[in-house]
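Following: one structure in C-alpha cells, then a few remarks.
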Amino acid sequence: MKTSKIRMLIIFTLVFIITFSIIPSVLAKPRKTYITDFLYECEIEDEGFSNSVENNDDVSEEATAYALEILDEFDLLQKKDLFGTVEHEVNTTDLPEDLEDSAKSKAGSGDPDIYKLYFLLKSLELLEDTNKDYEVSSSLKSKINAFVDSLLQNGGGYAASKTSTSATMASTYFALKIYDLLDEDYASKSITKTWITSCQNSDGGYGGSIDSSSTILNTYYAILSMDEIDDVDELSGKDSTIDYLQSFFEDNENDADNYGGYYPDDDAENTMISSTFYCIMGISLIDDGELQDEEETLKWILNRQNFKDGGFKDIDDGSEQKYSSVVNSYYALEIINLLDADSVSLNEEIFMVEFNYWILVGLLVAIGVVAVAIIIIRRKRRI
C-alpha cells in the first residue's frame, strides 16, 4: 500500500514537471507574430487602423499607413494558419475606396491637413501596389499636387496651410514626401535646400523655422528632407548635427530603464521610442558608423515590447503604459531592422507571461482530475 502511494506521488510529480517544462515551448511565438496580432487587433474593418487597442473605434491616418506597411513587409495582409487557410484578411478591395473618399474630402476642403493627406496618399499608394485592380485616381493626385504647390513660400520652405505665410520644417518634409509619392518634380529644389540649411543652429540641430530653437524632430525632418531633395552630404556641419543627436543618448549602464535609448529633450526623465527612432535614423543617414552602442539600443527597444498586446510601448514617469501604439511599433521595427539586419530578434520565439495564470489553473485542475480518476479506477479494481 505504501509502495503504491509512493509510486503515485512519483508519477504525479513527473507529470507536473514534464508538463510545465513543455509549456514555454508550446506557447512561444516569434516577436513578429505578436506584433502582427497586435495590428490585426487595431484594425477597424474596411476603414483603416486605430493607433491602439484602447481606441479601436478611432481611425488614424498615420497608424493606417504604418500598419499596412508593416503587414505588407511581412507579407501578411492575408494571415494564414499552418494549413494555408486564411484566418484574417485586410480588405484591400473596399479599404482603398474608403481611404480615397476620405482623401478626396480632405483635398476638396478649404484648407486640407497636409499631414493627414500624406498618410492617406501613402496608404493608397501601398494598396495600389498590392491590389492589381486598384489605382489612385488621377483627379485626386492633381488636387493634392495643386494643394502642395500652393504651400510654397518665397523663402523656399512650405507652409502647413494655404492661409499661412510661414514655412515650417515639418510641412516642408511632408510636402517633399507627397511630391515623391506623386512622382512629381519639386517647384524649386535649390531654394528649398537653401531654406532647410538656413534653419540649422549653432548646436548642430535644426529648428522648425529660421531662428527657432533646435529639436530632435525638426533635425530628423531636415536630414530626411535633404536626403529627399538631393544628398545628405550636402548638409553643412554634419559632424555637429551628429553630436547634437548623440547628446540625447543615455550611456549610463546603471540606469536600466533608459540605457541604450535617446531622450526627447534635455529635461526629459525617460528615453522614448519616438526620440530614439528620430536620433538613430538621423545619425545613420549621415554616417551609420557613428551610431553608439547599437547592441544596447537593440536590447532597449526589444524590452519595450508589450506582451499584454504584442506591440511596443514607452515607459512614462517610471510606469509602463498599459497599451501599445501602432506608431511606436512602426518606429521600433524600423530601429530593429536597422540594427538587426538579419531579423534574428524578430524571429526569436518568446513566451507570453500573462498566460501562465490561466494555464496553471487549467493544468492543476486537469492533473487533479486525472489523479482522482486513477485512484478511483485502482480502488474499483481492488473491489
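By order in the C-alpha cells, chains are A, B, ...; within a chain, residues start at 1; ligands start at 1, following the order shown.
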
| Which of region 26-255 of chain A DSSP labels strand (DSSP E or B), written as a PyMOL selection string | chain A and resi 29-30+43-44+48-49+78-80+86-89+152+158-159+167-168+200+206-207+214-215+249

| request: Please identify which residues in region 21-240 of chain A DSSP calls alpha helix (DSSP H) from the backbone, and express them as an NGL selection string. | output: :A and (21-27 or 31-41 or 61-73 or 94-107 or 114-130 or 138-149 or 169-182 or 189-198 or 216-229 or 238-240)

| message | Calculated over only C-alpha atoms, which of the candidates A:Glu41, A:Asp266, A:Asp233, A:Glu97 has the smallest distance to Thr215 (chain A)? | response |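 Distance minimum relative to Thr215 (chain A) lands on A:Asp266.
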
| query | For the atom pair CA of Asp265 (chain A) and CA of Glu295 (chain A), what is the interatomic distance in Å to one decimal place? | reply |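 CA of Glu295 (chain A) lies 22.7 Å from CA of Asp265 (chain A).
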
| said: Neighbouring residues of Ser102 (chain A) were defined as those with any atom within 12 Å, considering only C-alpha atoms; residues of the same chain fewer than 6 positions away were excluded. Please report them as a list in words. | reply: Glu47, Gly48, Val59, Ser60, Glu61, Leu95, Pro96, Gly108, Ser109, Pro112, Asp113, Lys116, Leu117, Phe119, Leu120, Leu121, Ser123, Leu124 and Leu140 of chain A

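The residue that comes closest to Glu125 (chain A), out of A:Ser50, A:Thr168, A:Thr92, A:Ser212 and on the basis of only C-alpha atoms, is A:Thr92.
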
| field | Two-atom distance - CA of Thr36 (chain A), CA of Asp309 (chain A) (Å) | value |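 Straight-line distance from CA of Thr36 (chain A) to CA of Asp309 (chain A) works out to 10.2 Å.
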
| query | Residues at most 9 Å from Leu339 (chain A), counting only C-alpha atoms, excluding those fewer than 6 positions away in the same chain, as a ChimeraX atom specification? | reply | /A:294-295,297-298

Can you spit out the residues from that selection as a PDB file, in the first residue's frame, using C-alpha atoms?
```pdb
ATOM      1  CA  GLU A 294      23.986  49.570 -31.148  1.00  0.00           C
ATOM      2  CA  GLU A 295      23.676  46.321 -29.207  1.00  0.00           C
ATOM      3  CA  THR A 297      19.935  50.169 -28.173  1.00  0.00           C
ATOM      4  CA  LEU A 298      18.632  46.937 -29.702  1.00  0.00           C
TER       5      LEU A 298
END
```
